[in-house]
Amino acid sequence: MRSHFEVKRSASGLALLALASMTLGAGCNEPIRPGEGRVMERWFQAQAFGYPYPAPLVDGSAVYFASGGGFVIARDLETGTAKWTTSIGQSPYAASPEIGGENFILRSGVLVTTVQFHTSALDIATGREIWRYHAPLDTIDKVAPRPGSVVVARIAADENTVFIPAWGATVSAVDIKTGQPKWVWRVEPTVPNRSGSYGVRISGDTVFATVWHSLNQSGTQAEAWLIALDKQTGQQLWRVVLPRQASGTMINCAPAVWQNLVIVTLVSGDLFAIDRNTQNIAWRVLPQVAANGVGAALITGAEVYDDFVYANGSDQKIHAYRATDGTEVWATDVGQLGSDLSVSSKFVYASNGASLHILDRVTGARYSGLEHPRKSVNYTFSSGATVSNGRVFITISDGAWSFDEP
């Protein structure tokens, strides 16, 4: 089974060495030609080269980035100047220090992200590491047992608790101030073969989690689950086994929620909306093949904005669907995404590693396809974009970038 980093780097197009054509401008102008819109840069700050995954997080006058070498950096929102830098990547269980979680969480002055085999929490005032949590041992590693992997994990939190999915499969509810587990859900010991969880989402008193489960020892047959857990106790409320079998890690996303529907994507390209009240499939979009006859594996989830669902398809397009019934509204070519997309009131931001595509949220029209702001020829957009108060923030393999939303 390929490692998380191998799968994601391949999907993100990290080997692309295309010369970047600048799409920066002095102002936020409408495209001269379709797809060639400009953005106004606020700042670019060089960082240690690497492939950090977490999307930046904005809080007040600071924005938090991960960088190569396993560092978290607090930057001034207006200038990008570093306020503090903390190393969290080193671990006896991992050869690489890269920070592999998909997102940061910030609650009660505590910044949390996952790395590879641990989760770290930092004091946002000083950058000091407050605690480090290791998920329960991955059940398959009997010779040299390691904690469950949390690479590309999507964590979630309420005011007091952070919920951490991991291989094993487990979901841990951890006190955000102390790092002590309150409860741990895990696959029953009687369930054979390997399993893991990549993402969680909180909705009301429920934590929804995605789980992949191998049906044989080699992992050549696997299935995907959506589970619902009581947020206070971790008791499993229900489990839906989705009607699709394939191989490997079948489901690599956090659930999205719209009203009573829980929406997930499978690596196979399926998009499901599950009714949380009945556990029935409300609607489903089947895998789609690109015009060149190639279908791509999906390692990103869906996002919901207003009454629409936005998701990458196995045809390498971004699709907009009506949340009520899954009817397609538009579809635009962007390639295979390597990071979760983000959606604002105006645009959908989607990175395939080589380019950051900006699409009109309502029509799908391409505003721009941004490449490296300093014309580097060896780079990748390693994180998804974060949009906050008209500003966009994104991590590149060699830097942190901010520009005004068009």
# chains A, B, ... in the order shown; residues from 1 in each chain; ligands from 1
>>> residues_around(residues="stretch 83-85 of chain A", least_positions_apart="5", cutoff="12 Å", atoms="only C-alpha atoms", output="list in words")
Gln47, Ala48, Ser61, Ala62, Val63, Tyr64, Phe65, Ala66, Ser67, Gly68, Gly69, Gly70, Phe71, Val72, Ile73, Ala74, Arg75, Asp76, Leu77, Leu122, Asp123, Ile124, Ala125, Thr126, Gly127, Arg128 and Glu129 of chain A
>>> closest_atom_pairs(of="stretch 80-177 of chain A", to="stretch 196-212 of chain A", cutoff="10 Å", atoms="only C-alpha atoms", output="CSV")
residue,atom,partner,partner_atom,distance
A:Gly101,CA,A:Tyr198,CA,9.6
A:Glu102,CA,A:Gly199,CA,9.4
A:Asp138,CA,A:Gly196,CA,8.5
A:Thr139,CA,A:Gly196,CA,9.8
A:Gly148,CA,A:Gly196,CA,8.1
A:Ser149,CA,A:Gly196,CA,8.3
A:Val150,CA,A:Tyr198,CA,7.4
A:Val151,CA,A:Tyr198,CA,8.1
A:Val152,CA,A:Tyr198,CA,6.7
A:Ala153,CA,A:Tyr198,CA,4.7
A:Arg154,CA,A:Gly199,CA,4.5
A:Ile155,CA,A:Val200,CA,6.0
A:Ala156,CA,A:Arg201,CA,5.9
A:Ala157,CA,A:Ile202,CA,7.4
A:Asp158,CA,A:Ile202,CA,7.9
A:Phe163,CA,A:Val200,CA,7.1
A:Ile164,CA,A:Val200,CA,7.4
A:Pro165,CA,A:Ser197,CA,5.2
A:Ala166,CA,A:Ser197,CA,5.0
A:Trp167,CA,A:Gly196,CA,3.6
A:Gly168,CA,A:Gly196,CA,5.1
A:Ala169,CA,A:Gly196,CA,4.0
A:Thr170,CA,A:Ser197,CA,6.6
A:Val171,CA,A:Ser197,CA,7.4
A:Ala173,CA,A:Val207,CA,9.9
>>> write_last_selection(atoms="N, CA, C and O atoms", output="JSON list (two decimals), in the first residue's frame")
[["chain", "number", "residue", "atom", "x", "y", "z"],
["A", 101, "GLY", "N", -1.11, 17.05, 8.26],
["A", 101, "GLY", "CA", -2.54, 17.29, 8.44],
["A", 101, "GLY", "C", -3.08, 18.26, 7.41],
["A", 101, "GLY", "O", -2.36, 19.12, 6.91],
["A", 102, "GLU", "N", -4.36, 18.15, 7.11],
["A", 102, "GLU", "CA", -4.98, 19.02, 6.10],
["A", 102, "GLU", "C", -5.39, 20.38, 6.65],
["A", 102, "GLU", "O", -5.57, 21.32, 5.88],
["A", 138, "ASP", "N", -1.87, 1.55, 15.55],
["A", 138, "ASP", "CA", -2.49, 1.02, 14.35],
["A", 138, "ASP", "C", -2.50, -0.51, 14.49],
["A", 138, "ASP", "O", -1.47, -1.14, 14.67],
["A", 139, "THR", "N", -3.66, -1.10, 14.40],
["A", 139, "THR", "CA", -3.84, -2.51, 14.74],
["A", 139, "THR", "C", -3.07, -3.47, 13.85],
["A", 139, "THR", "O", -2.85, -4.61, 14.22],
["A", 148, "GLY", "N", -1.54, 5.29, 15.24],
["A", 148, "GLY", "CA", -2.27, 5.41, 14.00],
["A", 148, "GLY", "C", -1.85, 6.64, 13.22],
["A", 148, "GLY", "O", -1.64, 7.71, 13.79],
["A", 149, "SER", "N", -1.69, 6.50, 11.91],
["A", 149, "SER", "CA", -1.28, 7.61, 11.07],
["A", 149, "SER", "C", -2.34, 8.70, 11.04],
["A", 149, "SER", "O", -3.55, 8.42, 10.97],
["A", 150, "VAL", "N", -1.88, 9.96, 11.08],
["A", 150, "VAL", "CA", -2.80, 11.10, 10.98],
["A", 150, "VAL", "C", -2.42, 12.00, 9.80],
["A", 150, "VAL", "O", -2.79, 13.17, 9.76],
["A", 151, "VAL", "N", -1.68, 11.45, 8.84],
["A", 151, "VAL", "CA", -1.38, 12.20, 7.62],
["A", 151, "VAL", "C", -2.67, 12.44, 6.85],
["A", 151, "VAL", "O", -3.51, 11.56, 6.74],
["A", 152, "VAL", "N", -2.82, 13.64, 6.31],
["A", 152, "VAL", "CA", -4.01, 14.14, 5.61],
["A", 152, "VAL", "C", -5.28, 14.01, 6.44],
["A", 152, "VAL", "O", -6.39, 13.98, 5.89],
["A", 153, "ALA", "N", -5.14, 13.97, 7.75],
["A", 153, "ALA", "CA", -6.32, 13.97, 8.62],
["A", 153, "ALA", "C", -6.98, 15.34, 8.59],
["A", 153, "ALA", "O", -6.31, 16.37, 8.55],
["A", 154, "ARG", "N", -8.32, 15.32, 8.61],
["A", 154, "ARG", "CA", -9.08, 16.56, 8.76],
["A", 154, "ARG", "C", -9.70, 16.53, 10.15],
["A", 154, "ARG", "O", -10.62, 15.72, 10.42],
["A", 155, "ILE", "N", -9.19, 17.36, 11.05],
["A", 155, "ILE", "CA", -9.67, 17.39, 12.42],
["A", 155, "ILE", "C", -10.79, 18.41, 12.56],
["A", 155, "ILE", "O", -10.98, 19.28, 11.71],
["A", 156, "ALA", "N", -11.53, 18.31, 13.66],
["A", 156, "ALA", "CA", -12.61, 19.26, 13.94],
["A", 156, "ALA", "C", -12.63, 19.49, 15.45],
["A", 156, "ALA", "O", -12.07, 18.70, 16.23],
["A", 157, "ALA", "N", -13.29, 20.56, 15.88],
["A", 157, "ALA", "CA", -13.31, 20.88, 17.31],
["A", 157, "ALA", "C", -14.54, 21.68, 17.67],
["A", 157, "ALA", "O", -15.08, 22.44, 16.85],
["A", 158, "ASP", "N", -14.99, 21.51, 18.93],
["A", 158, "ASP", "CA", -15.90, 22.48, 19.52],
["A", 158, "ASP", "C", -15.05, 23.35, 20.46],
["A", 158, "ASP", "O", -13.83, 23.40, 20.31],
["A", 163, "PHE", "N", -11.39, 16.63, 17.82],
["A", 163, "PHE", "CA", -11.71, 15.27, 17.39],
["A", 163, "PHE", "C", -10.72, 14.88, 16.29],
["A", 163, "PHE", "O", -10.60, 15.57, 15.28],
["A", 164, "ILE", "N", -10.02, 13.77, 16.51],
["A", 164, "ILE", "CA", -8.87, 13.39, 15.69],
["A", 164, "ILE", "C", -9.10, 12.03, 15.06],
["A", 164, "ILE", "O", -9.14, 11.01, 15.77],
["A", 165, "PRO", "N", -9.22, 11.94, 13.73],
["A", 165, "PRO", "CA", -9.32, 10.65, 13.06],
["A", 165, "PRO", "C", -7.93, 10.07, 12.81],
["A", 165, "PRO", "O", -6.97, 10.82, 12.62],
["A", 166, "ALA", "N", -7.82, 8.76, 12.79],
["A", 166, "ALA", "CA", -6.51, 8.13, 12.57],
["A", 166, "ALA", "C", -6.69, 6.74, 12.00],
["A", 166, "ALA", "O", -7.77, 6.14, 12.08],
["A", 167, "TRP", "N", -5.59, 6.24, 11.41],
["A", 167, "TRP", "CA", -5.58, 4.84, 11.02],
["A", 167, "TRP", "C", -5.70, 4.01, 12.28],
["A", 167, "TRP", "O", -5.20, 4.36, 13.34],
["A", 168, "GLY", "N", -6.35, 2.88, 12.11],
["A", 168, "GLY", "CA", -6.52, 1.99, 13.26],
["A", 168, "GLY", "C", -7.77, 1.11, 13.20],
["A", 168, "GLY", "O", -7.67, -0.06, 13.47],
["A", 169, "ALA", "N", -8.93, 1.59, 12.86],
["A", 169, "ALA", "CA", -9.30, 3.01, 12.73],
["A", 169, "ALA", "C", -9.78, 3.52, 14.09],
["A", 169, "ALA", "O", -10.43, 2.79, 14.84],
["A", 170, "THR", "N", -9.47, 4.80, 14.37],
["A", 170, "THR", "CA", -9.93, 5.40, 15.61],
["A", 170, "THR", "C", -10.38, 6.83, 15.36],
["A", 170, "THR", "O", -9.96, 7.47, 14.40],
["A", 171, "VAL", "N", -11.22, 7.32, 16.26],
["A", 171, "VAL", "CA", -11.51, 8.74, 16.40],
["A", 171, "VAL", "C", -11.33, 9.05, 17.88],
["A", 171, "VAL", "O", -11.97, 8.42, 18.74],
["A", 173, "ALA", "N", -11.47, 11.87, 21.00],
["A", 173, "ALA", "CA", -11.94, 13.16, 21.50],
["A", 173, "ALA", "C", -10.95, 13.59, 22.57],
["A", 173, "ALA", "O", -10.82, 12.94, 23.62]]
>>> closest_residue(among="A:Gln279, A:Ser268, A:Asn389, A:Ser87", to="A:Ala222", atoms="only C-alpha atoms")
A:Ser268
>>> atom_distance(atom1="atom CA of A:Thr119", atom2="atom CA of A:Ile396")
22.2 Å
>>> residues_around(residues="A:Tyr379", least_positions_apart="2", cutoff="7 Å", atoms="only C-alpha atoms", output="PDB file with all heavy atoms, in the first residue's frame")
ATOM      1  N   SER A 376       8.952  30.754  -9.984  1.00  0.00           N
ATOM      2  CA  SER A 376       9.758  29.561  -9.695  1.00  0.00           C
ATOM      3  C   SER A 376       9.375  28.462 -10.671  1.00  0.00           C
ATOM      4  O   SER A 376       8.241  28.377 -11.134  1.00  0.00           O
ATOM      5  CB  SER A 376       9.505  29.091  -8.267  1.00  0.00           C
ATOM      6  OG  SER A 376      10.093  27.833  -8.041  1.00  0.00           O
ATOM      7  N   VAL A 377      10.331  27.587 -10.983  1.00  0.00           N
ATOM      8  CA  VAL A 377      10.050  26.484 -11.905  1.00  0.00           C
ATOM      9  C   VAL A 377      10.006  25.144 -11.173  1.00  0.00           C
ATOM     10  O   VAL A 377       9.846  24.105 -11.790  1.00  0.00           O
ATOM     11  CB  VAL A 377      11.109  26.415 -13.030  1.00  0.00           C
ATOM     12  CG1 VAL A 377      11.040  27.662 -13.876  1.00  0.00           C
ATOM     13  CG2 VAL A 377      12.511  26.212 -12.454  1.00  0.00           C
ATOM     14  N   PHE A 381       1.687  24.146  -5.057  1.00  0.00           N
ATOM     15  CA  PHE A 381       0.779  24.643  -4.034  1.00  0.00           C
ATOM     16  C   PHE A 381       0.502  23.448  -3.124  1.00  0.00           C
ATOM     17  O   PHE A 381      -0.195  22.513  -3.506  1.00  0.00           O
ATOM     18  CB  PHE A 381      -0.510  25.169  -4.650  1.00  0.00           C
ATOM     19  CG  PHE A 381      -0.336  26.461  -5.404  1.00  0.00           C
ATOM     20  CD1 PHE A 381      -0.200  26.456  -6.787  1.00  0.00           C
ATOM     21  CD2 PHE A 381      -0.313  27.675  -4.738  1.00  0.00           C
ATOM     22  CE1 PHE A 381      -0.042  27.646  -7.491  1.00  0.00           C
ATOM     23  CE2 PHE A 381      -0.145  28.865  -5.436  1.00  0.00           C
ATOM     24  CZ  PHE A 381      -0.013  28.849  -6.812  1.00  0.00           C
ATOM     25  N   ILE A 396       2.770  27.578  -0.475  1.00  0.00           N
ATOM     26  CA  ILE A 396       3.508  27.026  -1.610  1.00  0.00           C
ATOM     27  C   ILE A 396       4.704  26.287  -1.027  1.00  0.00           C
ATOM     28  O   ILE A 396       5.110  26.535   0.104  1.00  0.00           O
ATOM     29  CB  ILE A 396       3.945  28.147  -2.578  1.00  0.00           C
ATOM     30  CG1 ILE A 396       2.739  29.026  -2.939  1.00  0.00           C
ATOM     31  CG2 ILE A 396       4.548  27.570  -3.853  1.00  0.00           C
ATOM     32  CD1 ILE A 396       3.066  30.224  -3.799  1.00  0.00           C
ATOM     33  N   SER A 397       5.260  25.350  -1.761  1.00  0.00           N
ATOM     34  CA  SER A 397       6.351  24.538  -1.212  1.00  0.00           C
ATOM     35  C   SER A 397       7.526  25.363  -0.727  1.00  0.00           C
ATOM     36  O   SER A 397       8.291  24.908   0.126  1.00  0.00           O
ATOM     37  CB  SER A 397       6.813  23.511  -2.245  1.00  0.00           C
ATOM     38  OG  SER A 397       7.096  24.140  -3.488  1.00  0.00           O
ATOM     39  N   ASP A 398       7.696  26.588  -1.253  1.00  0.00           N
ATOM     40  CA  ASP A 398       8.809  27.434  -0.814  1.00  0.00           C
ATOM     41  C   ASP A 398       8.379  28.764  -0.227  1.00  0.00           C
ATOM     42  O   ASP A 398       9.176  29.684  -0.084  1.00  0.00           O
ATOM     43  CB  ASP A 398       9.776  27.691  -1.978  1.00  0.00           C
ATOM     44  CG  ASP A 398       9.131  28.461  -3.123  1.00  0.00           C
ATOM     45  OD1 ASP A 398       7.911  28.712  -3.064  1.00  0.00           O
ATOM     46  OD2 ASP A 398       9.834  28.813  -4.076  1.00  0.00           O
TER      47      ASP A 398
END
>>> closest_residue(among="A:Thr190, A:Thr332, A:Asn252, A:Thr220", to="A:Thr363", atoms="only C-alpha atoms")
A:Thr332
>>> closest_residue(among="A:Val392, A:Val191, A:Val174, A:Ile299", to="A:Phe347", atoms="only C-alpha atoms")
A:Val392
>>> closest_residue(among="A:Ala320, A:Met40, A:Val240, A:Met250", to="A:Pro373", atoms="only C-alpha atoms")
A:Met40
>>> closest_residue(among="A:Trp131, A:Arg42, A:Asp325, A:Arg194", to="A:Thr81", atoms="only C-alpha atoms")
A:Arg42
>>> residues_around(residues="A:Gly313", least_positions_apart="2", cutoff="8 Å", atoms="only C-alpha atoms", output="PyMOL selection string")
chain A and resi 269+287-288+296+298+311+315-319
>>> atom_distance(atom1="atom CA of A:Asp333", atom2="atom CA of A:Ala350")
10.6 Å
>>> residues_around(residues="A:Gly301", least_positions_apart="6", cutoff="10 Å", atoms="only C-alpha atoms", output="list of chain:residue names")
A:Gly199, A:Ile251, A:Asn252, A:Cys253, A:Ala254, A:Pro255, A:Ala256, A:Ile263, A:Val264, A:Thr265, A:Leu266, A:Val267, A:Leu271, A:Tyr310, A:Ala311, A:Asn312, A:Leu337, A:Ser339, A:Asp340, A:Leu341
>>> atom_distance(atom1="atom CA of A:Leu359", atom2="atom CA of A:Arg38")
12.7 Å
>>> select_by_dssp(residues="stretch 29-241 of chain A", states="strand (DSSP E or B)", output="VMD selection string")
chain A and resid 36 39 41 to 46 57 to 59 62 to 67 71 to 76 82 to 87 105 to 107 110 to 114 119 to 123 129 to 133 137 147 154 156 to 157 161 to 167 170 to 175 181 to 186 195 to 203 206 to 214 222 to 230 236 to 241
>>> closest_residue(among="A:Gln180, A:His118, A:Ala224, A:Asn216", to="A:Pro92", atoms="only C-alpha atoms")
A:His118
>>> residues_around(residues="A:Ile281", least_positions_apart="5", cutoff="10 Å", atoms="only C-alpha atoms", output="MDAnalysis selection string")
chainID A and resid 240 242:243 261:263 272:276
>>> write_last_selection(atoms="N, CA and C atoms", output="PDB file, in the first residue's frame")
ATOM      1  N   VAL A 240     -23.058   3.407   8.075  1.00  0.00           N
ATOM      2  CA  VAL A 240     -23.519   3.116   6.717  1.00  0.00           C
ATOM      3  C   VAL A 240     -22.334   2.587   5.926  1.00  0.00           C
ATOM      4  N   LEU A 242     -21.096   2.074   2.407  1.00  0.00           N
ATOM      5  CA  LEU A 242     -21.472   2.624   1.109  1.00  0.00           C
ATOM      6  C   LEU A 242     -21.364   1.540   0.024  1.00  0.00           C
ATOM      7  N   PRO A 243     -22.284   1.534  -0.921  1.00  0.00           N
ATOM      8  CA  PRO A 243     -22.371   0.443  -1.905  1.00  0.00           C
ATOM      9  C   PRO A 243     -21.375   0.568  -3.048  1.00  0.00           C
ATOM     10  N   LEU A 261     -28.459  16.155   5.326  1.00  0.00           N
ATOM     11  CA  LEU A 261     -27.642  15.307   4.470  1.00  0.00           C
ATOM     12  C   LEU A 261     -26.166  15.382   4.870  1.00  0.00           C
ATOM     13  N   VAL A 262     -25.517  14.220   4.875  1.00  0.00           N
ATOM     14  CA  VAL A 262     -24.075  14.115   5.097  1.00  0.00           C
ATOM     15  C   VAL A 262     -23.464  13.665   3.774  1.00  0.00           C
ATOM     16  N   ILE A 263     -22.502  14.437   3.268  1.00  0.00           N
ATOM     17  CA  ILE A 263     -22.032  14.267   1.888  1.00  0.00           C
ATOM     18  C   ILE A 263     -20.571  13.857   1.904  1.00  0.00           C
ATOM     19  N   PHE A 272     -21.746  10.718  -2.563  1.00  0.00           N
ATOM     20  CA  PHE A 272     -22.959  10.257  -1.885  1.00  0.00           C
ATOM     21  C   PHE A 272     -23.493  11.331  -0.958  1.00  0.00           C
ATOM     22  N   ALA A 273     -24.811  11.428  -0.885  1.00  0.00           N
ATOM     23  CA  ALA A 273     -25.501  12.216   0.129  1.00  0.00           C
ATOM     24  C   ALA A 273     -26.351  11.250   0.944  1.00  0.00           C
ATOM     25  N   ILE A 274     -26.033  11.152   2.253  1.00  0.00           N
ATOM     26  CA  ILE A 274     -26.707  10.218   3.148  1.00  0.00           C
ATOM     27  C   ILE A 274     -27.625  10.995   4.083  1.00  0.00           C
ATOM     28  N   ASP A 275     -28.873  10.546   4.185  1.00  0.00           N
ATOM     29  CA  ASP A 275     -29.818  11.172   5.108  1.00  0.00           C
ATOM     30  C   ASP A 275     -29.449  10.748   6.530  1.00  0.00           C
ATOM     31  N   ARG A 276     -29.103  11.705   7.365  1.00  0.00           N
ATOM     32  CA  ARG A 276     -28.655  11.376   8.720  1.00  0.00           C
ATOM     33  C   ARG A 276     -29.771  10.824   9.591  1.00  0.00           C
TER      34      ARG A 276
END
>>> decode(residues="stretch 97-128 of chain A", atoms="N, CA and C atoms", output="tab-separated table (two decimals), in the first residue's frame")
chain	number	residue	atom	x	y	z
A	97	PRO	N	10.02	15.03	8.74
A	97	PRO	CA	9.34	15.92	9.68
A	97	PRO	C	8.15	16.66	9.09
A	98	GLU	N	7.78	16.39	7.84
A	98	GLU	CA	6.72	17.16	7.18
A	98	GLU	C	5.40	17.11	7.96
A	99	ILE	N	4.72	18.24	7.98
A	99	ILE	CA	3.42	18.34	8.65
A	99	ILE	C	2.35	17.90	7.67
A	100	GLY	N	1.68	16.80	7.98
A	100	GLY	CA	0.81	16.15	7.01
A	100	GLY	C	-0.67	16.35	7.21
A	101	GLY	N	-1.11	17.05	8.26
A	101	GLY	CA	-2.54	17.29	8.44
A	101	GLY	C	-3.08	18.26	7.41
A	102	GLU	N	-4.36	18.15	7.11
A	102	GLU	CA	-4.98	19.02	6.10
A	102	GLU	C	-5.39	20.38	6.65
A	103	ASN	N	-5.54	20.50	7.97
A	103	ASN	CA	-6.06	21.76	8.49
A	103	ASN	C	-5.52	22.05	9.88
A	104	PHE	N	-5.64	23.33	10.26
A	104	PHE	CA	-5.43	23.78	11.63
A	104	PHE	C	-6.78	23.97	12.30
A	105	ILE	N	-6.78	23.83	13.62
A	105	ILE	CA	-7.93	24.19	14.44
A	105	ILE	C	-7.44	25.13	15.53
A	106	LEU	N	-8.20	26.19	15.83
A	106	LEU	CA	-7.83	27.11	16.89
A	106	LEU	C	-9.03	27.34	17.80
A	107	ARG	N	-8.86	26.99	19.07
A	107	ARG	CA	-9.89	27.22	20.08
A	107	ARG	C	-9.21	27.61	21.38
A	108	SER	N	-9.79	28.58	22.08
A	108	SER	CA	-9.33	28.95	23.43
A	108	SER	C	-7.83	29.23	23.49
A	109	GLY	N	-7.32	29.87	22.44
A	109	GLY	CA	-5.91	30.21	22.41
A	109	GLY	C	-4.97	29.07	22.12
A	110	VAL	N	-5.51	27.95	21.64
A	110	VAL	CA	-4.71	26.76	21.35
A	110	VAL	C	-4.84	26.42	19.87
A	111	LEU	N	-3.69	26.30	19.18
A	111	LEU	CA	-3.64	25.96	17.76
A	111	LEU	C	-3.26	24.49	17.64
A	112	VAL	N	-4.05	23.73	16.88
A	112	VAL	CA	-3.86	22.28	16.79
A	112	VAL	C	-3.75	21.86	15.34
A	113	THR	N	-2.83	20.94	15.05
A	113	THR	CA	-2.77	20.29	13.74
A	113	THR	C	-2.17	18.91	13.92
A	114	THR	N	-2.40	18.04	12.92
A	114	THR	CA	-1.78	16.72	12.94
A	114	THR	C	-0.51	16.74	12.09
A	115	VAL	N	0.41	15.83	12.40
A	115	VAL	CA	1.70	15.81	11.71
A	115	VAL	C	1.78	14.54	10.87
A	116	GLN	N	2.32	13.44	11.40
A	116	GLN	CA	2.28	12.16	10.71
A	116	GLN	C	1.78	11.06	11.65
A	117	PHE	N	2.40	11.00	12.84
A	117	PHE	CA	1.97	10.01	13.82
A	117	PHE	C	1.62	10.67	15.15
A	118	HIS	N	1.49	11.98	15.15
A	118	HIS	CA	1.06	12.67	16.36
A	118	HIS	C	0.30	13.94	16.01
A	119	THR	N	-0.38	14.45	17.01
A	119	THR	CA	-1.09	15.73	16.92
A	119	THR	C	-0.45	16.68	17.91
A	120	SER	N	-0.18	17.91	17.47
A	120	SER	CA	0.48	18.90	18.33
A	120	SER	C	-0.45	20.08	18.58
A	121	ALA	N	-0.34	20.63	19.79
A	121	ALA	CA	-1.09	21.82	20.18
A	121	ALA	C	-0.11	22.90	20.63
A	122	LEU	N	-0.31	24.14	20.14
A	122	LEU	CA	0.59	25.25	20.43
A	122	LEU	C	-0.16	26.40	21.08
A	123	ASP	N	0.52	27.08	21.99
A	123	ASP	CA	0.01	28.32	22.57
A	123	ASP	C	0.17	29.41	21.51
A	124	ILE	N	-0.92	30.06	21.10
A	124	ILE	CA	-0.81	31.02	19.99
A	124	ILE	C	-0.07	32.29	20.39
A	125	ALA	N	0.05	32.56	21.69
A	125	ALA	CA	0.75	33.77	22.12
A	125	ALA	C	2.26	33.62	21.98
A	126	THR	N	2.77	32.40	22.24
A	126	THR	CA	4.22	32.20	22.28
A	126	THR	C	4.73	31.17	21.28
A	127	GLY	N	3.83	30.31	20.77
A	127	GLY	CA	4.25	29.23	19.90
A	127	GLY	C	4.72	28.00	20.65
A	128	ARG	N	4.71	28.03	21.98
A	128	ARG	CA	5.16	26.90	22.78
A	128	ARG	C	4.24	25.69	22.56
